[in-house]
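Asks: See protein_36.cif below, with mmCIF, C-alpha atoms and all ligand atoms.
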data_protein
#
loop_
_atom_site.label_atom_id
_atom_site.label_comp_id
_atom_site.auth_asym_id
_atom_site.auth_seq_id
_atom_site.Cartn_x
_atom_site.Cartn_y
_atom_site.Cartn_z
CA MET A 589 130.94 97.33 93.95
CA PRO A 590 133.32 96.57 96.80
CA LEU A 591 136.32 94.48 95.96
CA CYS A 592 135.46 91.87 98.54
CA PHE A 593 132.24 91.09 96.74
CA SER A 594 133.93 90.52 93.40
CA LEU A 595 136.63 88.44 95.03
CA LYS A 596 134.00 86.12 96.42
CA LEU A 597 132.91 85.32 92.91
CA GLN A 598 136.45 84.34 92.02
CA SER A 599 136.89 82.04 94.99
CA ASN A 600 137.59 78.47 94.13
CA PRO A 601 134.74 76.16 95.13
CA THR A 602 137.18 73.26 95.43
CA ASP A 603 138.44 74.94 98.63
CA HIS A 604 135.25 73.67 100.16
CA LEU A 605 135.36 70.12 98.81
CA ASN A 606 136.46 68.69 102.16
CA SER A 607 132.81 68.57 103.14
CA PHE A 608 130.12 67.59 100.69
CA SER A 609 127.40 69.53 102.50
CA THR A 610 129.61 72.61 102.75
CA TYR A 611 130.33 72.32 99.06
CA GLN A 612 126.63 72.17 98.26
CA THR A 613 125.93 75.18 100.45
CA TYR A 614 128.76 77.05 98.83
CA SER A 615 127.45 76.16 95.42
CA VAL A 616 124.04 77.67 96.16
CA LYS A 617 125.66 80.79 97.64
CA ASP A 618 127.79 81.06 94.52
CA GLN A 619 124.69 80.90 92.33
CA ILE A 620 122.94 83.50 94.48
CA VAL A 621 125.88 85.89 94.25
CA ARG A 622 126.13 85.34 90.50
CA LEU A 623 122.40 85.94 89.98
CA ALA A 624 122.47 89.04 92.20
CA ASN A 625 125.29 90.51 90.12
CA GLU A 626 123.83 89.89 86.69
CA PRO A 627 123.92 93.32 85.04
CA SER A 628 120.25 93.09 84.02
CA THR A 629 119.25 92.39 87.64
CA VAL A 630 121.44 95.17 89.04
CA ASN A 631 120.11 97.69 86.52
CA TRP A 632 116.53 96.60 87.15
CA MET A 633 116.93 97.03 90.93
CA LYS A 634 118.34 100.51 90.35
CA SER A 635 115.55 101.50 87.99
CA VAL A 636 112.84 100.25 90.39
CA ARG A 637 114.47 102.15 93.23
CA ARG A 638 114.73 105.33 91.17
CA GLU A 639 111.08 105.11 90.12
CA MET A 640 110.16 104.81 93.78
CA HIS A 641 112.52 107.62 94.71
CA GLU A 642 110.84 110.00 92.28
CA ASN A 643 107.40 109.21 93.70
CA PRO A 644 107.73 109.03 97.47
CA GLU A 645 104.58 108.25 99.45
CA LEU A 646 104.09 108.67 103.18
CA SER A 647 102.94 106.02 105.66
CA TYR A 648 99.73 104.31 104.55
CA GLU A 649 99.65 106.33 101.33
CA GLU A 650 101.92 103.90 99.44
CA PHE A 651 99.35 103.14 96.72
CA GLU A 652 101.57 103.73 93.69
CA THR A 653 104.52 102.13 95.44
CA SER A 654 102.41 99.08 96.14
CA ALA A 655 101.26 98.98 92.49
CA LEU A 656 104.88 99.21 91.34
CA ILE A 657 105.87 96.28 93.56
CA ARG A 658 102.95 94.19 92.29
CA ARG A 659 103.79 95.05 88.68
CA GLU A 660 107.36 93.83 89.15
CA LEU A 661 106.29 90.68 91.02
CA GLU A 662 103.91 89.87 88.17
CA LYS A 663 106.74 90.26 85.67
CA LEU A 664 108.73 87.78 87.74
CA GLY A 665 105.79 85.38 87.92
CA VAL A 666 105.74 85.58 91.70
CA ALA A 667 102.38 85.08 93.46
CA TYR A 668 101.30 87.67 96.01
CA LYS A 669 98.50 88.71 98.31
CA TRP A 670 97.24 92.30 98.36
CA PRO A 671 96.13 94.46 100.04
CA VAL A 672 97.50 93.43 103.41
CA ALA A 673 97.27 96.30 105.91
CA LYS A 674 95.93 98.74 103.33
CA THR A 675 98.89 98.98 100.91
CA GLY A 676 101.09 96.05 101.93
CA VAL A 677 102.01 93.20 99.57
CA VAL A 678 102.93 89.67 100.68
CA ALA A 679 104.54 87.45 98.05
CA THR A 680 105.46 83.78 98.31
CA ILE A 681 108.08 81.71 96.51
CA GLY A 682 108.82 78.00 96.96
CA SER A 683 106.96 74.79 97.66
CA GLY A 684 103.93 76.45 99.27
CA SER A 685 104.44 74.09 102.21
CA PRO A 686 106.18 74.51 105.58
CA PRO A 687 108.64 75.55 106.75
CA PHE A 688 107.97 79.23 106.07
CA VAL A 689 110.64 81.91 106.44
CA ALA A 690 109.89 85.64 106.01
CA LEU A 691 111.95 88.49 104.51
CA ARG A 692 110.80 92.05 105.05
CA ALA A 693 111.18 95.45 103.37
CA ASP A 694 109.45 98.68 104.37
CA MET A 695 108.24 101.04 101.65
CA ASP A 696 107.18 104.43 103.04
CA ALA A 697 108.87 107.82 102.61
CA LEU A 698 109.20 110.88 104.86
CA PRO A 699 107.74 114.41 104.93
CA ILE A 700 111.09 115.96 103.95
CA GLU A 701 111.91 118.24 101.01
CA GLU A 702 114.76 116.67 99.03
CA MET A 703 117.82 118.94 98.76
CA VAL A 704 119.88 116.62 96.54
CA ASP A 705 119.97 117.74 92.91
CA TRP A 706 120.10 114.68 90.71
CA GLU A 707 118.24 113.17 87.77
CA ASN A 708 115.84 111.12 89.87
CA LYS A 709 115.12 113.70 92.55
CA SER A 710 111.73 113.45 94.30
CA LYS A 711 108.98 114.89 92.13
CA VAL A 712 106.68 115.35 95.10
CA GLU A 713 107.03 118.56 97.05
CA GLY A 714 107.81 118.01 100.71
CA LYS A 715 108.22 114.22 100.44
CA MET A 716 111.38 112.18 100.12
CA HIS A 717 112.79 108.68 100.49
CA ALA A 718 115.33 109.77 103.10
CA CYS A 719 115.56 106.51 105.05
CA GLY A 720 116.49 104.16 102.23
CA HIS A 721 113.18 102.31 102.11
CA ASP A 722 113.23 102.61 98.30
CA GLY A 723 116.51 100.70 98.42
CA HIS A 724 115.01 98.13 100.79
CA VAL A 725 112.21 97.40 98.31
CA ALA A 726 114.67 97.16 95.40
CA MET A 727 116.82 94.66 97.30
CA LEU A 728 113.86 92.52 98.35
CA LEU A 729 112.59 92.47 94.76
CA GLY A 730 116.13 91.47 93.78
CA ALA A 731 115.93 88.61 96.28
CA ALA A 732 112.54 87.63 94.80
CA LYS A 733 114.11 87.42 91.36
CA ILE A 734 117.00 85.29 92.63
CA LEU A 735 114.78 82.98 94.67
CA LYS A 736 112.34 82.56 91.80
CA GLN A 737 115.20 81.26 89.68
CA LEU A 738 116.18 78.87 92.45
CA GLN A 739 112.69 77.90 93.52
CA ASP A 740 113.09 74.20 92.70
CA THR A 741 115.85 74.03 95.30
CA LEU A 742 113.84 75.70 98.08
CA GLN A 743 112.95 73.25 100.84
CA GLY A 744 109.92 75.22 101.98
CA THR A 745 108.40 78.63 101.32
CA VAL A 746 109.81 82.14 101.41
CA VAL A 747 107.34 84.87 102.40
CA LEU A 748 108.31 88.34 101.12
CA ILE A 749 106.75 91.11 103.18
CA PHE A 750 106.50 94.57 101.59
CA GLN A 751 105.31 96.57 104.56
CA PRO A 752 103.75 100.04 104.78
CA ALA A 753 104.06 102.71 107.47
CA GLU A 754 107.35 101.88 109.18
CA GLU A 755 108.07 105.55 109.83
CA ARG A 756 104.85 105.83 111.84
CA GLY A 757 105.76 102.67 113.73
CA VAL A 758 102.48 100.95 112.98
CA GLY A 759 102.94 99.02 109.71
CA ALA A 760 104.55 95.87 111.09
CA LYS A 761 101.99 95.57 113.85
CA ASP A 762 99.11 95.89 111.39
CA MET A 763 100.68 93.36 109.01
CA ILE A 764 101.03 90.88 111.88
CA GLU A 765 97.38 91.40 112.82
CA GLU A 766 96.50 90.49 109.24
CA GLY A 767 98.36 87.20 109.65
CA VAL A 768 101.65 87.67 107.76
CA LEU A 769 103.56 85.71 110.39
CA ASP A 770 101.11 82.80 110.56
CA ASN A 771 103.19 79.59 110.37
CA VAL A 772 106.39 81.62 109.84
CA GLU A 773 109.36 80.15 111.73
CA ALA A 774 111.81 83.03 111.36
CA VAL A 775 111.88 86.58 110.02
CA PHE A 776 114.77 88.55 108.55
CA GLY A 777 115.22 92.21 107.64
CA MET A 778 117.92 94.76 106.99
CA HIS A 779 118.36 98.52 107.08
CA ILE A 780 120.88 100.35 104.96
CA VAL A 781 123.00 102.69 107.07
CA LEU A 782 125.63 105.35 106.54
CA ASP A 783 127.74 104.21 109.49
CA TYR A 784 129.68 101.72 107.36
CA PRO A 785 131.19 101.82 103.86
CA THR A 786 129.19 100.14 101.11
CA GLY A 787 129.08 96.40 101.58
CA VAL A 788 130.13 96.30 105.23
CA VAL A 789 127.64 94.39 107.35
CA GLY A 790 126.89 95.35 110.96
CA LEU A 791 125.54 92.54 113.13
CA ARG A 792 124.56 92.41 116.75
CA PRO A 793 123.12 89.41 118.55
CA GLY A 794 120.59 90.05 121.30
CA GLU A 795 119.57 93.58 122.31
CA PHE A 796 120.16 95.86 119.32
CA LEU A 797 117.83 98.87 119.00
CA ALA A 798 115.99 100.60 121.81
CA GLY A 799 112.30 100.29 122.38
CA CYS A 800 110.54 103.60 121.98
CA GLY A 801 107.52 104.49 124.00
CA SER A 802 105.51 107.60 124.56
CA PHE A 803 103.25 108.36 127.47
CA LYS A 804 100.61 110.89 128.21
CA ALA A 805 99.38 111.45 131.76
CA LYS A 806 96.31 113.47 132.58
CA ILE A 807 96.15 114.65 136.17
CA HIS A 808 92.74 115.63 137.45
CA GLY A 809 92.25 118.13 140.30
CA LYS A 810 89.52 120.62 141.08
CA GLY A 811 89.54 124.06 139.49
CA GLY A 812 89.01 127.27 141.38
CA HIS A 813 90.30 130.73 142.25
CA ALA A 814 94.08 130.83 142.47
CA ALA A 815 93.85 133.24 145.43
CA ILE A 816 91.72 130.75 147.42
CA PRO A 817 93.74 127.54 146.94
CA GLN A 818 92.10 125.72 149.86
CA GLN A 819 88.93 125.42 147.81
CA SER A 820 90.76 123.82 144.87
CA ILE A 821 92.83 120.71 144.26
CA ASP A 822 95.84 121.86 142.28
CA PRO A 823 96.81 119.54 139.35
CA ILE A 824 99.77 121.78 138.41
CA LEU A 825 101.52 121.01 141.68
CA ALA A 826 100.92 117.27 141.15
CA ALA A 827 102.20 117.54 137.56
CA SER A 828 105.32 119.41 138.73
CA THR A 829 106.28 116.86 141.35
CA SER A 830 105.52 114.09 138.83
CA VAL A 831 108.06 115.57 136.40
CA ILE A 832 110.72 115.70 139.12
CA SER A 833 109.96 112.20 140.43
CA LEU A 834 109.99 110.71 136.93
CA GLN A 835 113.63 111.79 136.64
CA SER A 836 114.55 109.62 139.61
CA ILE A 837 113.50 106.43 137.79
CA VAL A 838 116.59 106.45 135.55
CA SER A 839 118.95 108.28 137.93
CA ARG A 840 118.16 106.26 141.08
CA GLU A 841 116.53 102.99 140.10
CA THR A 842 118.42 101.71 137.07
CA ASP A 843 121.92 100.43 136.40
CA PRO A 844 124.05 103.38 135.17
CA LEU A 845 125.67 101.01 132.66
CA ASP A 846 122.33 100.05 131.16
CA SER A 847 121.10 102.93 128.99
CA GLN A 848 117.55 104.07 129.58
CA VAL A 849 115.76 107.37 129.05
CA VAL A 850 112.66 109.02 130.48
CA SER A 851 111.98 112.54 129.21
CA VAL A 852 108.98 114.75 129.84
CA ALA A 853 108.66 116.91 126.73
CA VAL A 854 105.23 118.49 127.05
CA ILE A 855 103.39 120.16 129.95
CA LYS A 856 99.95 121.60 129.35
CA ALA A 857 97.80 123.24 132.02
CA GLY A 858 95.88 126.38 132.73
CA SER A 859 94.98 129.43 130.71
CA SER A 860 94.73 132.27 133.20
CA PHE A 861 97.05 133.61 135.93
CA ASN A 862 94.33 133.56 138.57
CA VAL A 863 92.60 130.25 137.85
CA ILE A 864 93.70 126.86 139.15
CA PRO A 865 92.79 124.54 136.25
CA GLU A 866 90.74 121.37 136.44
CA SER A 867 93.52 119.26 134.98
CA ALA A 868 97.13 119.17 133.79
CA THR A 869 98.71 116.98 131.13
CA ILE A 870 102.30 115.85 130.87
CA SER A 871 103.72 113.73 128.08
CA GLY A 872 107.07 112.44 126.99
CA THR A 873 109.09 109.49 125.77
CA PHE A 874 110.97 106.57 127.26
CA ARG A 875 113.60 104.24 125.81
CA ALA A 876 115.25 100.99 126.88
CA PHE A 877 117.10 98.09 125.24
CA SER A 878 115.60 95.08 126.95
CA LYS A 879 111.97 94.07 127.01
CA LYS A 880 112.23 93.72 130.80
CA ASN A 881 113.54 97.27 131.29
CA PHE A 882 111.11 98.67 128.76
CA LYS A 883 108.17 97.12 130.58
CA GLY A 884 109.74 98.19 133.88
CA LEU A 885 109.83 101.83 132.74
CA MET A 886 106.18 101.68 131.68
CA ASN A 887 105.16 100.31 135.06
CA ARG A 888 107.18 102.86 137.02
CA ILE A 889 106.01 105.86 134.94
CA GLU A 890 102.44 104.91 135.71
CA GLU A 891 103.14 104.27 139.41
CA VAL A 892 105.10 107.50 139.87
CA VAL A 893 102.54 109.74 138.18
CA LYS A 894 99.61 108.11 139.96
CA GLY A 895 101.50 108.19 143.28
CA GLN A 896 102.41 111.86 142.93
CA ALA A 897 98.85 112.69 141.92
CA ALA A 898 97.57 110.92 145.04
CA VAL A 899 100.03 112.80 147.29
CA HIS A 900 98.44 116.02 146.09
CA ARG A 901 94.84 114.69 146.30
CA CYS A 902 94.52 114.40 142.53
CA SER A 903 93.81 111.40 140.33
CA ALA A 904 95.68 110.47 137.15
CA GLU A 905 95.29 108.43 133.98
CA VAL A 906 98.39 107.30 132.14
CA GLU A 907 98.12 106.29 128.50
CA PHE A 908 100.84 104.44 126.57
CA LEU A 909 99.27 103.45 123.31
CA GLY A 910 98.14 106.12 120.93
CA LYS A 911 97.69 105.84 117.19
CA GLU A 912 99.92 108.88 116.68
CA HIS A 913 102.86 107.83 118.80
CA PRO A 914 102.77 104.05 119.10
CA THR A 915 104.96 102.15 121.48
CA ILE A 916 107.63 100.13 119.67
CA PRO A 917 109.32 97.34 121.62
CA PRO A 918 113.12 96.91 121.70
CA THR A 919 114.62 95.16 118.66
CA VAL A 920 116.15 91.98 120.05
CA ASN A 921 117.96 89.74 117.56
CA ASP A 922 117.83 86.00 118.02
CA GLU A 923 121.24 84.74 119.11
CA ARG A 924 120.92 81.38 117.29
CA ILE A 925 119.94 82.99 114.00
CA TYR A 926 122.85 85.40 114.48
CA GLU A 927 125.29 82.55 113.86
CA GLN A 928 123.58 81.71 110.60
CA VAL A 929 123.35 85.33 109.43
CA ARG A 930 126.99 85.88 110.31
CA GLY A 931 128.07 82.85 108.32
CA ILE A 932 126.06 83.86 105.26
CA SER A 933 127.11 87.49 105.39
CA SER A 934 130.79 86.68 105.71
CA GLU A 935 130.57 84.32 102.73
CA ILE A 936 129.03 87.12 100.67
CA VAL A 937 131.01 90.20 101.77
CA GLY A 938 134.07 88.56 103.31
CA GLU A 939 134.91 88.14 106.98
CA GLU A 940 136.90 91.40 106.95
CA ASN A 941 133.70 93.30 106.14
CA ILE A 942 131.71 92.05 109.13
CA GLN A 943 131.47 94.33 112.15
CA LEU A 944 129.82 94.10 115.52
CA ALA A 945 127.07 96.74 115.31
CA HIS A 946 126.67 99.20 118.17
CA THR A 947 123.42 99.41 120.04
CA SER A 948 121.37 102.44 119.03
CA MET A 949 118.67 104.53 120.69
CA GLY A 950 116.83 104.60 117.35
CA SER A 951 113.85 102.26 117.01
CA GLU A 952 112.52 100.03 114.24
CA ASP A 953 109.04 98.61 113.95
CA PHE A 954 110.69 95.36 112.79
CA ALA A 955 110.77 94.77 116.55
CA PHE A 956 107.09 93.78 116.38
CA TYR A 957 107.97 90.82 114.15
CA LEU A 958 110.78 89.82 116.52
CA ASP A 959 108.30 89.94 119.37
CA LYS A 960 106.32 87.19 117.65
CA VAL A 961 108.92 84.93 116.02
CA PRO A 962 112.70 84.52 116.22
CA GLY A 963 114.56 86.59 113.66
CA PHE A 964 117.29 89.04 112.86
CA MET A 965 117.79 92.56 111.57
CA LEU A 966 121.18 93.62 110.24
CA PHE A 967 122.68 96.93 109.15
CA LEU A 968 124.14 97.12 105.67
CA GLY A 969 126.63 99.91 104.96
CA THR A 970 126.00 102.26 102.04
CA ARG A 971 128.48 105.01 102.86
CA ASN A 972 130.50 106.27 99.89
CA GLU A 973 132.28 109.61 100.24
CA LYS A 974 132.97 109.73 96.50
CA ILE A 975 129.29 110.16 95.65
CA GLY A 976 128.36 112.16 98.76
CA ALA A 977 126.62 109.23 100.48
CA ILE A 978 127.57 110.50 103.93
CA HIS A 979 124.41 112.04 105.38
CA ALA A 980 122.45 110.36 108.13
CA PRO A 981 118.96 108.95 107.48
CA HIS A 982 116.16 111.55 107.60
CA SER A 983 118.51 114.22 106.23
CA PRO A 984 117.29 116.22 103.19
CA ASN A 985 120.77 115.55 101.73
CA TYR A 986 120.44 111.77 102.13
CA ILE A 987 122.09 109.77 99.33
CA ILE A 988 122.60 106.02 99.10
CA ASP A 989 125.18 104.07 97.15
CA GLU A 990 123.18 101.83 94.82
CA ASP A 991 126.13 99.44 94.51
CA VAL A 992 124.85 97.97 97.75
CA PHE A 993 121.79 96.46 96.03
CA PRO A 994 123.26 93.17 94.77
CA ILE A 995 124.83 92.61 98.18
CA GLY A 996 121.56 93.17 100.03
CA ALA A 997 119.60 91.05 97.56
CA ALA A 998 122.12 88.23 97.87
CA ILE A 999 122.09 88.31 101.69
CA HIS A 1000 118.27 88.26 101.73
CA ALA A 1001 118.13 85.33 99.30
CA ALA A 1002 120.96 83.42 100.97
CA PHE A 1003 119.39 83.76 104.40
CA ALA A 1004 116.03 82.43 103.22
CA HIS A 1005 117.57 79.63 101.19
CA SER A 1006 119.89 78.45 103.91
CA PHE A 1007 117.28 78.75 106.65
CA LEU A 1008 114.99 76.42 104.72
CA SER A 1009 117.88 74.05 103.98
CA ASP A 1010 119.56 74.02 107.37
CA SER A 1011 117.70 71.60 109.55
CA THR A 1012 119.96 72.33 112.53
CA VAL A 1013 118.76 75.95 112.76
CA LYS A 1014 115.13 74.86 112.53
CA LEU A 1015 115.69 72.13 115.10
CA HIS A 1016 117.19 74.63 117.55
CA LEU A 1017 114.28 76.99 117.09
CA HIS A 1018 111.80 74.21 117.78
CA ASN A 1019 113.59 73.51 121.03
CA PHE A 1020 113.25 77.11 122.06
ZN ZN B 1101 113.37 106.32 109.03
ZN ZN B 1102 114.05 103.32 107.99
#
Let me see the file written as structure tokens.

Replies:
Amino acid sequence: MPLCFSLKLQSNPTDHLNSFSTYQTYSVKDQIVRLANEPSTVNWMKSVRREMHENPELSYEEFETSALIRRELEKLGVAYKWPVAKTGVVATIGSGSPPFVALRADMDALPIEEMVDWENKSKVEGKMHACGHDGHVAMLLGAAKILKQLQDTLQGTVVLIFQPAEERGVGAKDMIEEGVLDNVEAVFGMHIVLDYPTGVVGLRPGEFLAGCGSFKAKIHGKGGHAAIPQQSIDPILAASTSVISLQSIVSRETDPLDSQVVSVAVIKAGSSFNVIPESATISGTFRAFSKKNFKGLMNRIEEVVKGQAAVHRCSAEVEFLGKEHPTIPPTVNDERIYEQVRGISSEIVGEENIQLAHTSMGSEDFAFYLDKVPGFMLFLGTRNEKIGAIHAPHSPNYIIDEDVFPIGAAIHAAFAHSFLSDSTVKLHLHNF
């Protein structure tokens, strides 16, 4: 456990006696930190995580994972709804009345063969928890345990979302369609990362993670003999000029200081050297940090491909939403909730362990929740050279430092508790 975390426990509450409300807030935080660090809770979080780690399940196959979560919630006496979006579990703690605040953990694994040799190595060939989602579940269960013990002090209801299929980018969207955000005023989530040492919190207000989109354009021409081109309408020529023109969107139309990407990664057309095909298909990906730019890229990709197709007497269809490669919007953190999350995090890990997180081209389907309600996602460091926790997510050598669990559980619980207690945050959100 990082020193800063232990030090927090030794802080003198009388330092905060100058304000009664601050003292009360501190007192609840102190209880949360104490509950999070109870050895039985820490060991339980580790054992739940290790059980999950040994039995990784891919997106929308999280049946045993879901059963494990329900089993632990039942032990805690926490009510839940299931199934939500096939394998998802939605638990509630508190008064059962508004306001509602949501905490989220994802629970799917990856199709990766684990290369780490340790006692709780994945028992399933070709599958591994290599993105820390087993840790996310353990920390949210930890928060459930803490909040259950404090439920008489909750001034509203905490909704705990255990979500499937984050890695496929569809779980959050499906959970929302099943109503998990109904009446919810704010949503909070975290991802453990190897960018920071264990216990360091990375926060970024506003634009945080890029939106990730994929497109597929089918260009229709008229097939014929390649030696008699005047009798055909060539879709390959239209596809070729489309690829070149798509590159001018980022290089000529966008601010060089505002990162955006358009890449064509697939071209499919033709099967014989002397036949002009009926159609050609190009597909690729696009990324941007703001919703405006993301939407702008979508519009321009469609216009450019259709325009280039028309120049060459072809027609084109451009598709953005596919079940296989869904479009994920940019993750944009609410700037008002940032202040609250920053305050809570610094009380738990110490101001010296708070960093401004960099923007990242990676995407998170948590963005779907943020599209619906104000909220915040933070990065929680789990890097520890001593135990080899240095490899990036999705690496077969991925290791996390389990000492991060009480910190994550405490931040989850403290956010929910203080959001429900802090009328000023709620008031600001209502004025939004
Ligand atoms: Zn991942
Ligand atoms: Zn992840």

Asks: Quick check, in Å to one decimal: how far apart do atom CA of Ala1004 of chain A and atom CA of Arg756 of chain A lie?

Replies: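 Taking atom CA of Ala1004 of chain A and atom CA of Arg756 of chain A, their separation equals 27.3 Å.
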
Asks: Show me, as JSON lines, the residues of chain A having an atom within 10 Å of ligand ZN 1101 (chain B), each with the closest atom pair and its distance in Å, using all atoms listed in the file.

Replies:
{"residue": "A:Asp694", "atom": "CA", "partner": "B:ZN1101", "partner_atom": "ZN", "distance": 9.8}
{"residue": "A:Asp696", "atom": "CA", "partner": "B:ZN1101", "partner_atom": "ZN", "distance": 8.8}
{"residue": "A:Ala697", "atom": "CA", "partner": "B:ZN1101", "partner_atom": "ZN", "distance": 8.0}
{"residue": "A:Leu698", "atom": "CA", "partner": "B:ZN1101", "partner_atom": "ZN", "distance": 7.5}
{"residue": "A:His717", "atom": "CA", "partner": "B:ZN1101", "partner_atom": "ZN", "distance": 8.9}
{"residue": "A:Ala718", "atom": "CA", "partner": "B:ZN1101", "partner_atom": "ZN", "distance": 7.1}
{"residue": "A:Cys719", "atom": "CA", "partner": "B:ZN1101", "partner_atom": "ZN", "distance": 4.5}
{"residue": "A:Gly720", "atom": "CA", "partner": "B:ZN1101", "partner_atom": "ZN", "distance": 7.8}
{"residue": "A:His721", "atom": "CA", "partner": "B:ZN1101", "partner_atom": "ZN", "distance": 8.0}
{"residue": "A:Glu754", "atom": "CA", "partner": "B:ZN1101", "partner_atom": "ZN", "distance": 7.5}
{"residue": "A:Glu755", "atom": "CA", "partner": "B:ZN1101", "partner_atom": "ZN", "distance": 5.4}
{"residue": "A:Arg756", "atom": "CA", "partner": "B:ZN1101", "partner_atom": "ZN", "distance": 9.0}
{"residue": "A:Gly757", "atom": "CA", "partner": "B:ZN1101", "partner_atom": "ZN", "distance": 9.7}
{"residue": "A:His779", "atom": "CA", "partner": "B:ZN1101", "partner_atom": "ZN", "distance": 9.5}
{"residue": "A:Gly950", "atom": "CA", "partner": "B:ZN1101", "partner_atom": "ZN", "distance": 9.2}
{"residue": "A:Ser951", "atom": "CA", "partner": "B:ZN1101", "partner_atom": "ZN", "distance": 9.0}
{"residue": "A:Glu952", "atom": "CA", "partner": "B:ZN1101", "partner_atom": "ZN", "distance": 8.2}
{"residue": "A:Ala980", "atom": "CA", "partner": "B:ZN1101", "partner_atom": "ZN", "distance": 10.0}
{"residue": "A:Pro981", "atom": "CA", "partner": "B:ZN1101", "partner_atom": "ZN", "distance": 6.4}
{"residue": "A:His982", "atom": "CA", "partner": "B:ZN1101", "partner_atom": "ZN", "distance": 6.1}
{"residue": "A:Ser983", "atom": "CA", "partner": "B:ZN1101", "partner_atom": "ZN", "distance": 9.8}

Asks: Identify which of the residues A:Ile932, A:Met778, A:Val746, A:Val920 lies closest to ligand ZN 1102 (chain B), counting all atoms listed in the file when measuring atom-to-atom distances.

Replies: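 Looking at the shortest contact to ligand ZN 1102 (chain B), the residue is A:Met778.
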
Asks: Give me the residues within 6 Å of segment 824-836 of chain A as a ChimeraX atom specification, counting all atoms listed in the file and dropping any in the same chain fewer than 6 places off.

Replies: /A:868,893,896-897,900

Asks: Which residue is closest to Phe993 of chain A? Choose from A:Asn631, A:Ser933, A:Ser615, A:Thr919 and count all atoms listed in the file.

Replies: A:Asn631

Asks: Please determine, counting all atoms listed in the file, which residue among A:Pro865, A:Gly777, A:Gly858, A:Gly801 has the shortest atom-to-atom distance to ligand ZN 1102 (chain B).

Replies: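 Of the candidates, the smallest distance to ligand ZN 1102 (chain B) is held by A:Gly777.
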
Asks: Counting only C-alpha atoms, note down every residue that has an atom within 9 Å of the point (120.7, 95.9, 89.3) (file coordinates), as an mmCIF file with C-alpha atoms, keeping the file's coordinate frame.

Replies:
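Dumped to result.cif:
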data_model
loop_
_atom_site.group_PDB
_atom_site.id
_atom_site.type_symbol
_atom_site.label_atom_id
_atom_site.label_comp_id
_atom_site.auth_asym_id
_atom_site.auth_seq_id
_atom_site.Cartn_x
_atom_site.Cartn_y
_atom_site.Cartn_z
ATOM 1 C CA ALA A 624 122.470 89.040 92.200
ATOM 2 C CA ASN A 625 125.290 90.510 90.120
ATOM 3 C CA GLU A 626 123.830 89.890 86.690
ATOM 4 C CA PRO A 627 123.920 93.320 85.040
ATOM 5 C CA SER A 628 120.250 93.090 84.020
ATOM 6 C CA THR A 629 119.250 92.390 87.640
ATOM 7 C CA VAL A 630 121.440 95.170 89.040
ATOM 8 C CA ASN A 631 120.110 97.690 86.520
ATOM 9 C CA TRP A 632 116.530 96.600 87.150
ATOM 10 C CA MET A 633 116.930 97.030 90.930
ATOM 11 C CA LYS A 634 118.340 100.510 90.350
ATOM 12 C CA SER A 635 115.550 101.500 87.990
ATOM 13 C CA ALA A 726 114.670 97.160 95.400
ATOM 14 C CA MET A 727 116.820 94.660 97.300
ATOM 15 C CA GLY A 730 116.130 91.470 93.780
ATOM 16 C CA GLU A 990 123.180 101.830 94.820
ATOM 17 C CA ASP A 991 126.130 99.440 94.510
ATOM 18 C CA PHE A 993 121.790 96.460 96.030
ATOM 19 C CA PRO A 994 123.260 93.170 94.770
#

Asks: Env of segment 785-791 of chain A: 9 Å cut, atoms = only C-alpha atoms, seq-sep filter 2 positions within chain, self excluded. Answer as a ChimeraX atom specification.

Replies: /A:589-590,592-593,781-783,793,796,926,929-930,933-934,937-938,940-946,964-973,989-992,995-996

Asks: Work out how far apart atom CA of Gly714 of chain A and atom CA of Ile700 of chain A are and give it in Å to one decimal.

Replies: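 That distance, rounded to one decimal, is 5.0 Å.
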
Asks: Taking N, CA and C atoms as the atom set, what does segment 687-694 of chain A look like once completed, written as a short mmCIF file (atom, residue, chain, number, x, y, z; two decimals), keeping the file's coordinate frame?

Replies:
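part_3.cif was written with the following content:
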data_model
loop_
_atom_site.label_atom_id
_atom_site.label_comp_id
_atom_site.auth_asym_id
_atom_site.auth_seq_id
_atom_site.Cartn_x
_atom_site.Cartn_y
_atom_site.Cartn_z
N PRO A 687 108.60 74.36 105.90
CA PRO A 687 108.64 75.55 106.75
C PRO A 687 108.52 76.86 105.95
N PHE A 688 108.07 77.90 106.66
CA PHE A 688 107.97 79.23 106.07
C PHE A 688 109.01 80.15 106.72
N VAL A 689 109.69 80.91 105.91
CA VAL A 689 110.64 81.91 106.44
C VAL A 689 110.31 83.25 105.76
N ALA A 690 110.33 84.34 106.54
CA ALA A 690 109.89 85.64 106.01
C ALA A 690 111.06 86.61 105.84
N LEU A 691 111.02 87.39 104.75
CA LEU A 691 111.95 88.49 104.51
C LEU A 691 111.13 89.76 104.44
N ARG A 692 111.63 90.84 104.99
CA ARG A 692 110.80 92.05 105.05
C ARG A 692 111.50 93.28 104.50
N ALA A 693 110.73 94.10 103.78
CA ALA A 693 111.18 95.45 103.37
C ALA A 693 110.07 96.43 103.71
N ASP A 694 110.45 97.62 104.13
CA ASP A 694 109.45 98.68 104.37
C ASP A 694 109.44 99.59 103.14
#
